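Q: The structure under discussion is supplied below as structure tokens; questions concerning it will follow.
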Amino acid sequence: MIAVLAVALIVVRRGLHSISDGLATLGGALETVESEHLRPLEPAVTAINAQFDTILGALPGIAKKAAVVAERRPA
């Protein structure tokens with residue numbers, strides 16, 4: 001019984017080691033993608049987000065003006 005348990009633990013250890021290697025490879029690949037593809041996009045994303053902030057900030061005023069126009073229109 002002890003031998004079976006020992007073999008099972010060895011198999012589990014090998015599996016975990018394999019998973020660890022795979023995760024390390026994945027982590028390296030993700031770092032490469034981030035540094036080569038995502039970081040260069042950061043200034044453009046920041047600029048686009050700023051434009052969205054401007055647009056979203058203007059929407060309440062536009063909605064108020066639209067409500068005034070809608071109230072003036074005959075039904």
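Chain lettering (A, B, ...) mirrors the order of the structure tokens, residue numbering begins at 1 for each chain separately, and ligand numbering begins at 1 in order of display.
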For the structure I just gave you, how does DSSP split chain A - specifically, which residues are alpha helix (DSSP H)? Reply as a VMD selection string.
A: chain A and resid 2 to 33 42 to 72
Q: In Å, with one decimal, what is the gap from CA of Leu38 in chain A to CA of Ile19 in chain A?
A: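 Atom-to-atom, CA of Leu38 in chain A to CA of Ile19 in chain A, that is 26.3 Å.
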